[in-house]
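Asks: Take a look at model.txt, compact mmCIF, C-alpha atoms and all ligand atoms:
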# COMPACT_ATOMS: atom_id res chain seq x y z
CA MET M 1 20.62 8.34 -15.47
CA PRO M 2 22.37 4.93 -15.21
CA LYS M 3 21.89 2.63 -18.19
CA SER M 4 22.55 -0.53 -16.28
CA LEU M 5 22.68 -1.82 -12.75
CA THR M 6 24.37 -5.00 -11.59
CA ILE M 7 23.10 -6.43 -8.32
CA THR M 8 23.29 -9.67 -6.35
CA ARG M 9 20.72 -12.10 -7.72
CA PRO M 10 17.39 -11.38 -5.99
CA ASP M 11 15.22 -13.74 -3.94
CA ASP M 12 11.46 -13.78 -3.56
CA TRP M 13 10.45 -14.16 0.10
CA HIS M 14 6.77 -14.95 -0.63
CA LEU M 15 5.74 -16.87 -3.73
CA HIS M 16 2.85 -19.11 -4.83
CA LEU M 17 3.94 -21.79 -7.27
CA ARG M 18 0.80 -24.01 -7.19
CA ASP M 19 1.09 -27.56 -8.49
CA GLY M 20 0.68 -29.76 -11.57
CA VAL M 21 0.34 -28.05 -14.94
CA MET M 22 0.03 -24.58 -13.39
CA LEU M 23 3.37 -25.11 -11.60
CA GLN M 24 4.95 -26.27 -14.84
CA GLY M 25 3.66 -23.24 -16.70
CA ILE M 26 4.61 -20.51 -14.24
CA LEU M 27 7.77 -21.80 -12.49
CA PRO M 28 10.12 -20.64 -15.31
CA GLU M 29 8.85 -17.08 -14.75
CA SER M 30 10.31 -17.02 -11.22
CA ALA M 31 13.33 -19.23 -11.93
CA ARG M 32 14.54 -16.81 -14.64
CA ASP M 33 15.48 -13.93 -12.33
CA PHE M 34 15.31 -15.24 -8.77
CA GLY M 35 17.81 -17.38 -6.89
CA ARG M 36 15.48 -18.62 -4.18
CA ALA M 37 11.90 -18.21 -3.06
CA ILE M 38 9.87 -18.94 0.03
CA ILE M 39 7.19 -21.26 -1.31
CA MET M 40 3.70 -20.80 0.06
CA PRO M 41 2.05 -24.00 1.29
CA ASN M 42 -1.59 -23.16 0.46
CA LEU M 43 -2.19 -25.99 -1.97
CA VAL M 44 -5.42 -27.99 -1.87
CA PRO M 45 -4.94 -29.88 0.41
CA PRO M 46 -2.28 -27.73 2.10
CA VAL M 47 1.35 -28.66 2.75
CA VAL M 48 1.09 -29.56 6.43
CA THR M 49 3.62 -32.27 7.20
CA MET M 50 7.28 -32.95 6.51
CA ALA M 51 6.17 -35.67 4.09
CA ASP M 52 3.92 -33.19 2.21
CA ALA M 53 6.77 -30.65 1.93
CA THR M 54 9.26 -33.29 0.79
CA ALA M 55 6.92 -34.44 -1.98
CA TYR M 56 6.00 -30.89 -3.03
CA ARG M 57 9.67 -29.88 -3.15
CA SER M 58 10.45 -32.81 -5.48
CA ARG M 59 7.59 -31.82 -7.79
CA ILE M 60 8.98 -28.26 -7.95
CA ILE M 61 12.53 -29.46 -8.66
CA LYS M 62 11.18 -31.74 -11.39
CA ALA M 63 9.30 -28.87 -13.03
CA LEU M 64 12.38 -26.58 -13.12
CA PRO M 65 13.83 -25.64 -16.49
CA LYS M 66 17.05 -27.52 -17.34
CA ASN M 67 20.19 -26.01 -15.77
CA SER M 68 18.20 -23.82 -13.42
CA ASP M 69 19.78 -23.26 -9.98
CA PHE M 70 16.55 -21.91 -8.50
CA GLN M 71 16.07 -23.11 -4.92
CA PRO M 72 12.60 -23.51 -3.43
CA LEU M 73 12.64 -22.75 0.31
CA MET M 74 9.78 -24.80 1.69
CA THR M 75 7.25 -23.87 4.34
CA LEU M 76 4.64 -25.76 6.34
CA TYR M 77 1.05 -24.61 6.64
CA LEU M 78 0.28 -24.19 10.34
CA THR M 79 -2.93 -25.87 11.50
CA GLU M 80 -4.40 -26.33 14.93
CA THR M 81 -3.30 -29.96 14.79
CA THR M 82 0.27 -29.42 13.55
CA ASP M 83 2.62 -31.94 15.15
CA PRO M 84 5.53 -29.99 16.70
CA ASP M 85 7.89 -32.97 16.43
CA ASP M 86 7.24 -33.43 12.71
CA MET M 87 7.73 -29.69 12.22
CA ALA M 88 10.98 -29.66 14.20
CA ALA M 89 12.25 -32.65 12.21
CA ALA M 90 11.47 -30.85 8.93
CA HIS M 91 13.41 -27.85 10.21
CA ALA M 92 16.36 -29.88 11.54
CA SER M 93 16.70 -31.69 8.20
CA GLY M 94 16.98 -28.34 6.41
CA LEU M 95 13.80 -29.03 4.42
CA ILE M 96 11.75 -26.07 5.67
CA THR M 97 12.79 -22.46 6.14
CA ALA M 98 9.61 -21.16 7.79
CA VAL M 99 6.09 -21.98 8.92
CA LYS M 100 3.10 -20.09 7.56
CA LEU M 101 0.21 -18.80 9.65
CA TYR M 102 -3.03 -18.19 7.77
CA PRO M 103 -5.95 -17.06 9.87
CA ALA M 104 -8.73 -19.50 8.83
CA GLY M 105 -10.68 -18.06 5.91
CA ALA M 106 -8.42 -15.03 5.39
CA THR M 107 -7.55 -15.74 1.78
CA THR M 108 -7.30 -18.27 -1.07
CA ASN M 109 -7.14 -21.85 0.26
CA SER M 110 -6.92 -20.91 3.92
CA ASP M 111 -9.81 -22.99 5.27
CA SER M 112 -7.50 -25.22 7.31
CA GLY M 113 -5.83 -22.20 8.89
CA VAL M 114 -5.75 -21.14 12.50
CA LYS M 115 -9.07 -20.16 14.12
CA ASP M 116 -7.62 -19.03 17.43
CA ILE M 117 -3.96 -18.27 17.96
CA LYS M 118 -4.20 -19.68 21.52
CA ASN M 119 -4.61 -23.12 20.01
CA VAL M 120 -1.18 -22.98 18.38
CA MET M 121 0.78 -21.36 21.22
CA PRO M 122 2.64 -24.58 22.13
CA VAL M 123 3.80 -24.95 18.52
CA LEU M 124 4.82 -21.28 18.33
CA GLU M 125 6.75 -21.62 21.61
CA HIS M 126 8.57 -24.57 20.14
CA MET M 127 9.37 -22.58 16.99
CA ALA M 128 10.80 -19.75 19.09
CA LYS M 129 13.00 -22.26 20.91
CA ILE M 130 14.43 -23.82 17.74
CA GLY M 131 14.68 -20.53 15.82
CA LEU M 132 12.15 -21.40 13.12
CA PRO M 133 10.59 -18.23 11.65
CA LEU M 134 6.84 -17.65 11.34
CA CYS M 135 5.46 -16.05 8.18
CA VAL M 136 2.16 -14.35 8.95
CA HIS M 137 -0.78 -13.45 6.75
CA GLY M 138 -1.70 -10.45 8.86
CA GLU M 139 -5.44 -9.97 8.43
CA VAL M 140 -8.30 -10.68 10.81
CA THR M 141 -11.27 -12.55 9.38
CA ASP M 142 -13.94 -11.14 11.70
CA PRO M 143 -16.84 -10.37 9.33
CA ASN M 144 -17.53 -7.20 11.31
CA VAL M 145 -14.16 -5.75 10.38
CA ASP M 146 -14.06 -3.84 7.11
CA ILE M 147 -11.80 -5.44 4.48
CA PHE M 148 -9.68 -2.27 4.30
CA ASP M 149 -9.06 -2.34 8.08
CA ARG M 150 -8.23 -6.00 8.49
CA GLU M 151 -4.46 -5.56 8.56
CA ALA M 152 -4.46 -2.74 11.10
CA VAL M 153 -6.88 -4.67 13.34
CA PHE M 154 -4.74 -7.82 13.05
CA ILE M 155 -1.73 -5.93 14.38
CA GLU M 156 -3.69 -4.68 17.35
CA ARG M 157 -5.63 -7.84 18.17
CA VAL M 158 -3.25 -10.65 17.21
CA LEU M 159 0.29 -9.66 16.28
CA ALA M 160 1.15 -7.20 19.04
CA PRO M 161 -0.16 -9.49 21.83
CA LEU M 162 1.57 -12.52 20.27
CA ARG M 163 4.90 -10.72 20.08
CA GLN M 164 4.50 -9.48 23.63
CA ASN M 165 3.92 -13.05 24.87
CA LEU M 166 6.64 -14.57 22.73
CA PRO M 167 9.24 -11.93 21.88
CA GLU M 168 11.82 -14.54 20.88
CA LEU M 169 9.69 -15.77 17.97
CA ARG M 170 11.08 -14.56 14.64
CA VAL M 171 8.15 -13.16 12.68
CA ILE M 172 7.73 -11.98 9.11
CA MET M 173 4.67 -9.84 8.56
CA GLU M 174 3.96 -10.63 4.95
CA HIS M 175 2.68 -8.41 2.18
CA VAL M 176 2.40 -5.29 4.32
CA THR M 177 -0.17 -2.97 2.72
CA THR M 178 -0.69 -0.17 5.23
CA SER M 179 1.21 2.62 6.95
CA ASP M 180 0.05 0.93 10.18
CA GLY M 181 2.07 -2.14 9.20
CA VAL M 182 5.08 -0.07 8.16
CA ASP M 183 4.97 1.89 11.43
CA TYR M 184 4.55 -1.23 13.56
CA ILE M 185 7.57 -2.87 11.95
CA GLY M 186 9.52 0.38 12.07
CA GLU M 187 9.03 0.61 15.85
CA THR M 188 10.39 -2.86 16.45
CA GLU M 189 14.02 -3.51 17.28
CA LYS M 190 14.23 -7.22 16.67
CA ASN M 191 12.55 -10.42 15.53
CA LEU M 192 10.13 -8.68 13.18
CA ALA M 193 10.48 -7.93 9.48
CA GLY M 194 8.02 -7.22 6.69
CA THR M 195 7.76 -8.22 3.07
CA ILE M 196 6.29 -5.88 0.47
CA THR M 197 4.90 -6.97 -2.88
CA THR M 198 5.65 -5.41 -6.24
CA HIS M 199 2.02 -4.61 -6.99
CA HIS M 200 1.33 -2.89 -3.65
CA LEU M 201 4.18 -0.49 -4.46
CA ILE M 202 2.37 0.43 -7.68
CA ILE M 203 -1.41 0.23 -7.32
CA ASN M 204 -3.86 1.71 -4.86
CA ARG M 205 -7.56 0.91 -4.51
CA ASN M 206 -8.51 3.39 -7.22
CA HIS M 207 -6.61 1.30 -9.77
CA LEU M 208 -8.76 -1.63 -8.71
CA LEU M 209 -12.14 0.09 -8.67
CA VAL M 210 -12.30 3.35 -10.64
CA GLY M 211 -13.60 3.23 -14.20
CA GLY M 212 -14.69 -0.41 -13.92
CA ILE M 213 -13.60 -3.26 -11.70
CA LYS M 214 -10.17 -4.70 -12.61
CA PRO M 215 -10.09 -8.31 -11.47
CA HIS M 216 -6.37 -8.65 -12.19
CA TYR M 217 -5.66 -6.03 -9.50
CA TYR M 218 -7.70 -7.92 -6.91
CA CYS M 219 -5.55 -9.58 -4.30
CA LEU M 220 -5.42 -10.05 -0.56
CA PRO M 221 -4.57 -8.08 1.39
CA ILE M 222 -6.54 -5.72 -0.83
CA ALA M 223 -4.79 -2.61 -2.18
CA LYS M 224 -5.39 0.37 0.11
CA ARG M 225 -5.58 4.14 -0.40
CA GLU M 226 -2.73 6.16 -1.94
CA SER M 227 -1.26 7.35 1.37
CA HIS M 228 -0.64 3.71 2.32
CA ARG M 229 0.99 2.96 -1.03
CA MET M 230 3.28 5.92 -0.48
CA ALA M 231 4.25 4.62 2.97
CA LEU M 232 5.14 1.27 1.39
CA VAL M 233 7.31 2.92 -1.27
CA LYS M 234 9.05 4.93 1.43
CA ALA M 235 9.75 1.80 3.48
CA ALA M 236 10.92 -0.29 0.51
CA THR M 237 13.24 2.40 -0.84
CA SER M 238 14.55 3.53 2.56
CA GLY M 239 17.33 0.98 2.87
CA ASP M 240 15.76 -0.18 6.18
CA LYS M 241 16.82 -3.81 6.54
CA ARG M 242 13.51 -4.83 8.07
CA PHE M 243 11.77 -4.55 4.69
CA PHE M 244 12.35 -6.86 1.76
CA LEU M 245 10.69 -8.23 -1.35
CA GLY M 246 8.02 -10.92 -1.24
CA THR M 247 6.18 -10.66 -4.54
CA ASP M 248 3.15 -12.74 -3.47
CA SER M 249 2.97 -13.60 -7.16
CA ALA M 250 -0.17 -15.75 -7.07
CA PRO M 251 -1.38 -17.16 -10.39
CA HIS M 252 -5.02 -17.96 -11.10
CA SER M 253 -6.28 -18.75 -14.58
CA ASP M 254 -8.06 -15.88 -16.34
CA PRO M 255 -11.49 -17.55 -16.16
CA ASN M 256 -11.05 -17.84 -12.39
CA LYS M 257 -10.12 -14.15 -12.11
CA GLU M 258 -12.59 -12.73 -14.63
CA SER M 259 -15.63 -14.10 -12.89
CA ALA M 260 -18.61 -13.02 -10.80
CA CYS M 261 -16.64 -14.24 -7.79
CA GLY M 262 -13.05 -13.80 -8.90
CA CYS M 263 -10.08 -15.28 -7.05
CA ALA M 264 -7.63 -13.06 -5.16
CA GLY M 265 -4.07 -12.98 -6.46
CA VAL M 266 -1.83 -10.90 -8.73
CA PHE M 267 0.69 -12.68 -10.93
CA SER M 268 3.86 -10.57 -11.19
CA ALA M 269 6.73 -13.06 -11.47
CA THR M 270 7.37 -12.22 -15.14
CA ASN M 271 8.05 -8.49 -14.85
CA THR M 272 8.68 -7.92 -11.15
CA MET M 273 12.31 -6.81 -11.46
CA ALA M 274 11.44 -4.38 -14.28
CA CYS M 275 8.58 -2.93 -12.21
CA LEU M 276 10.77 -2.58 -9.13
CA ALA M 277 13.60 -0.91 -11.05
CA HIS M 278 11.01 1.60 -12.31
CA VAL M 279 9.68 2.34 -8.82
CA PHE M 280 13.14 2.68 -7.28
CA GLU M 281 14.40 4.85 -10.16
CA ASP M 282 11.32 7.05 -9.89
CA THR M 283 12.03 7.53 -6.20
CA GLY M 284 15.71 8.30 -6.82
CA ALA M 285 16.63 5.17 -4.88
CA LEU M 286 18.11 2.76 -7.43
CA ASP M 287 21.02 2.31 -5.02
CA LYS M 288 18.57 0.77 -2.50
CA LEU M 289 17.13 -1.82 -4.89
CA GLU M 290 19.75 -4.49 -4.18
CA GLY M 291 19.16 -4.28 -0.44
CA PHE M 292 15.42 -4.71 -0.88
CA THR M 293 15.55 -7.58 -3.38
CA SER M 294 18.77 -9.40 -2.54
CA LEU M 295 20.35 -8.54 0.84
CA HIS M 296 17.83 -7.79 3.59
CA GLY M 297 15.89 -11.05 3.16
CA PRO M 298 18.87 -13.40 3.54
CA ALA M 299 20.11 -11.33 6.49
CA TYR M 300 16.79 -11.74 8.32
CA TYR M 301 16.56 -15.45 7.53
CA ASN M 302 20.25 -15.99 8.48
CA LEU M 303 21.04 -17.29 5.01
CA PRO M 304 23.99 -16.41 2.79
CA VAL M 305 23.31 -13.98 -0.04
CA ASN M 306 23.34 -15.37 -3.56
CA THR M 307 26.82 -15.53 -5.04
CA ASP M 308 25.91 -14.61 -8.61
CA LYS M 309 24.66 -11.33 -10.03
CA ILE M 310 22.06 -10.06 -12.46
CA THR M 311 22.28 -6.96 -14.61
CA LEU M 312 19.29 -4.71 -15.16
CA THR M 313 19.44 -2.68 -18.35
CA ARG M 314 17.57 0.55 -19.01
CA HIS M 315 16.24 0.94 -22.55
CA ASP M 316 15.19 4.19 -24.20
CA THR M 317 12.15 2.56 -25.75
CA PRO M 318 9.75 0.54 -23.62
CA VAL M 319 10.41 -3.16 -23.14
CA SER M 320 7.53 -5.52 -23.84
CA PHE M 321 6.59 -8.38 -21.58
CA PRO M 322 4.05 -11.08 -22.38
CA GLU M 323 0.51 -10.05 -21.48
CA LYS M 324 -0.31 -13.62 -20.47
CA ILE M 325 1.53 -16.82 -19.67
CA GLU M 326 -0.13 -19.81 -21.30
CA THR M 327 -0.26 -22.77 -18.92
CA GLY M 328 -1.88 -26.19 -19.02
CA ALA M 329 -4.36 -24.78 -16.50
CA GLY M 330 -5.29 -21.87 -18.78
CA PRO M 331 -3.88 -18.41 -19.47
CA VAL M 332 -2.55 -16.34 -16.57
CA THR M 333 -2.51 -12.56 -16.97
CA VAL M 334 0.76 -10.85 -16.05
CA PHE M 335 0.59 -7.80 -13.75
CA ASP M 336 0.15 -4.58 -15.75
CA PRO M 337 1.83 -1.72 -13.88
CA GLY M 338 -0.09 0.80 -15.98
CA PHE M 339 3.04 2.55 -17.26
CA PRO M 340 5.67 1.60 -19.83
CA LEU M 341 8.58 -0.44 -18.48
CA HIS M 342 12.07 0.58 -19.57
CA TRP M 343 14.10 -1.97 -17.63
CA SER M 344 14.89 -5.58 -18.41
CA VAL M 345 17.01 -8.22 -16.75
CA GLY M 346 20.04 -9.02 -18.90
C1 LIG M 401 -2.97 -15.78 -2.57
C2 LIG M 401 -3.29 -17.01 -3.41
O1 LIG M 401 -3.91 -16.85 -4.46
O2 LIG M 401 -2.89 -18.11 -3.03
N1 LIG M 401 -3.81 -14.69 -2.99
C3 LIG M 401 -3.54 -13.37 -2.83
O3 LIG M 401 -4.41 -12.55 -3.17
N2 LIG M 401 -2.41 -12.94 -2.33
C4 LIG M 401 -3.15 -16.08 -1.13
C5 LIG M 401 -2.49 -15.08 -0.23
O4 LIG M 401 -1.27 -14.99 -0.16
O5 LIG M 401 -3.21 -14.37 0.48
ZN ZN M 402 0.49 -15.01 -0.77
Just give me the structure as structure tokens.

Replies:
Amino acid sequence: MPKSLTITRPDDWHLHLRDGVMLQGILPESARDFGRAIIMPNLVPPVVTMADATAYRSRIIKALPKNSDFQPLMTLYLTETTDPDDMAAAHASGLITAVKLYPAGATTNSDSGVKDIKNVMPVLEHMAKIGLPLCVHGEVTDPNVDIFDREAVFIERVLAPLRQNLPELRVIMEHVTTSDGVDYIGETEKNLAGTITTHHLIINRNHLLVGGIKPHYYCLPIAKRESHRMALVKAATSGDKRFFLGTDSAPHSDPNKESACGCAGVFSATNTMACLAHVFEDTGALDKLEGFTSLHGPAYYNLPVNTDKITLTRHDTPVSFPEKIETGAGPVTVFDPGFPLHWSVG
């Protein structure tokens, strides 16, 4: 069993950093291990214009720990009134790396999202032309569709037709949670990739619901049954370049999670690399970890890989991570994988 593993510094291709005192409190948790991250634009109000993204980026840079080289890769929140020229200018200037599609009402702070994909077709056509990738929250919001089926139905009703109409558009299906998602991506030759979160590789819906409801395991897309989790582990550890890490680390304060109507989001920035090393070791696939966390993402986004390395060390006795991160917006509980962690970074 290897005692240490040196890999190219990882990136996080789906991350929520929030704003203000929450941003200040949780940003060091991502900046410690990750080189870059795709920053989700679902603030209140959302990051819609080039001016919004410029200002948000400066707030992130200002909140970074001293001497940190962490690079936020900005995104714009797609609305039905997005101005294609403003978006193209943000792309041409190098400010934004992707645009994010939230179906309206699908998840936390998605009220300004897209109600009907037809209404954004001109913008998507423009994105295809200029090579600007689209990150997709792949769940339908139809109240008649069961929450556990929303991803599979999204593929059938929205994603497959969209990709048929606009095959040149580069799409990232984010936080894939089902074997349907894995299979759909696996069947596709080009212009489609999928991110997988740390927590969806570890928990299934029993962890969330059996023996009492666990609000800190509640996120969207919701964790599915075990067979889906196994399909995700297989995809992540396969070495298939179409799958890479997007933690979807999404902090909410404990009072907002531990509530009669708790917010969706799992916060895993603090121990993600330790959790992933555990999962990949368990699967006998430690040699595939670097691809998943550090190589496949940059390849899909046409970006260089990070030039520095990190070393993961395996300890005989379990490593402890903080249970909570204290922020000016309240305590944020760190993802509990439910098993002892033996890996640390450094
Ligand atoms: C995210 C959040 O809290 O912003 N929540 C989540 O459960 N993943 C929103 C999202 O990415 O869906
Ligand atoms: Zn997210």

Asks: Of the residues M:Gly113, M:Gly211, M:Pro103, M:Gly291, which is the one nearest to Arg9 (chain M), using all atoms listed in the file?

Replies: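 Of all the options, M:Gly291 lies closest to Arg9 (chain M).
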
Asks: Using only C-alpha atoms and all ligand atoms, find each residue with an atom at most 9 Å away from ligand ZN 402 (chain M) and format the answer as a JSON list (two decimals) with C-alpha atoms, in the coordinates of the input.

Replies:
[["chain", "number", "residue", "atom", "x", "y", "z"],
["M", 14, "HIS", "CA", 6.77, -14.95, -0.63],
["M", 15, "LEU", "CA", 5.74, -16.87, -3.73],
["M", 16, "HIS", "CA", 2.85, -19.11, -4.83],
["M", 40, "MET", "CA", 3.70, -20.80, 0.06],
["M", 42, "ASN", "CA", -1.59, -23.16, 0.46],
["M", 107, "THR", "CA", -7.55, -15.74, 1.78],
["M", 108, "THR", "CA", -7.30, -18.27, -1.07],
["M", 137, "HIS", "CA", -0.78, -13.45, 6.75],
["M", 174, "GLU", "CA", 3.96, -10.63, 4.95],
["M", 175, "HIS", "CA", 2.68, -8.41, 2.18],
["M", 219, "CYS", "CA", -5.55, -9.58, -4.30],
["M", 220, "LEU", "CA", -5.42, -10.05, -0.56],
["M", 221, "PRO", "CA", -4.57, -8.08, 1.39],
["M", 246, "GLY", "CA", 8.02, -10.92, -1.24],
["M", 247, "THR", "CA", 6.18, -10.66, -4.54],
["M", 248, "ASP", "CA", 3.15, -12.74, -3.47],
["M", 249, "SER", "CA", 2.97, -13.60, -7.16],
["M", 250, "ALA", "CA", -0.17, -15.75, -7.07],
["M", 265, "GLY", "CA", -4.07, -12.98, -6.46]]

Asks: Once 3 Å is added on each side, what are the centre and the three edge lengths, in Å to one decimal, of the axis-aligned box enclosing the listed atoms of ligand LIG 401 (chain M)? Present them as AutoDock Vina command-line options.

Replies:
--center_x -2.8 --center_y -15.3 --center_z -2.0 --size_x 9.1 --size_y 11.6 --size_z 10.9

Asks: Nearest residue to ligand LIG 401 (chain M) out of M:Glu139, M:Asp149, M:Asp86, M:Glu323, using all atoms listed in the file?

Replies: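 Smallest distance to ligand LIG 401 (chain M) is found for M:Glu139.
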
Asks: Calculated over all atoms listed in the file, which of the candidates M:Val176, M:Met121, M:Leu303, M:Met50 has the smallest distance to ligand LIG 401 (chain M)?

Replies: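 Of the candidates, the smallest distance to ligand LIG 401 (chain M) is held by M:Val176.
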
Asks: Around (10.4, -22.4, 6.5) in the file's own coordinates, what residues are found within 6 Å if you use only C-alpha atoms, given back as a PDB file with C-alpha atoms, in the frame of the given file?

Replies:
ATOM      1  CA  MET M  74       9.780 -24.800   1.690  1.00  0.00           C
ATOM      2  CA  THR M  75       7.250 -23.870   4.340  1.00  0.00           C
ATOM      3  CA  ILE M  96      11.750 -26.070   5.670  1.00  0.00           C
ATOM      4  CA  THR M  97      12.790 -22.460   6.140  1.00  0.00           C
ATOM      5  CA  ALA M  98       9.610 -21.160   7.790  1.00  0.00           C
ATOM      6  CA  VAL M  99       6.090 -21.980   8.920  1.00  0.00           C
TER       7      VAL M  99
END

Asks: Using all atoms listed in the file, determine which residues lie at most 8 Å from Arg18 (chain M), disregarding the query and same-chain residues fewer than 5 positions distant; provide the list as a CSV table (one decimal) with C-alpha atoms, in the coordinates of the input.

Replies:
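Output (part-v5.csv):
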chain,number,residue,atom,x,y,z
M,23,LEU,CA,3.4,-25.1,-11.6
M,43,LEU,CA,-2.2,-26.0,-2.0
M,251,PRO,CA,-1.4,-17.2,-10.4

Asks: How many Å separate CA of Ala236 (chain M) from CA of Phe339 (chain M)?

Replies: 19.6 Å
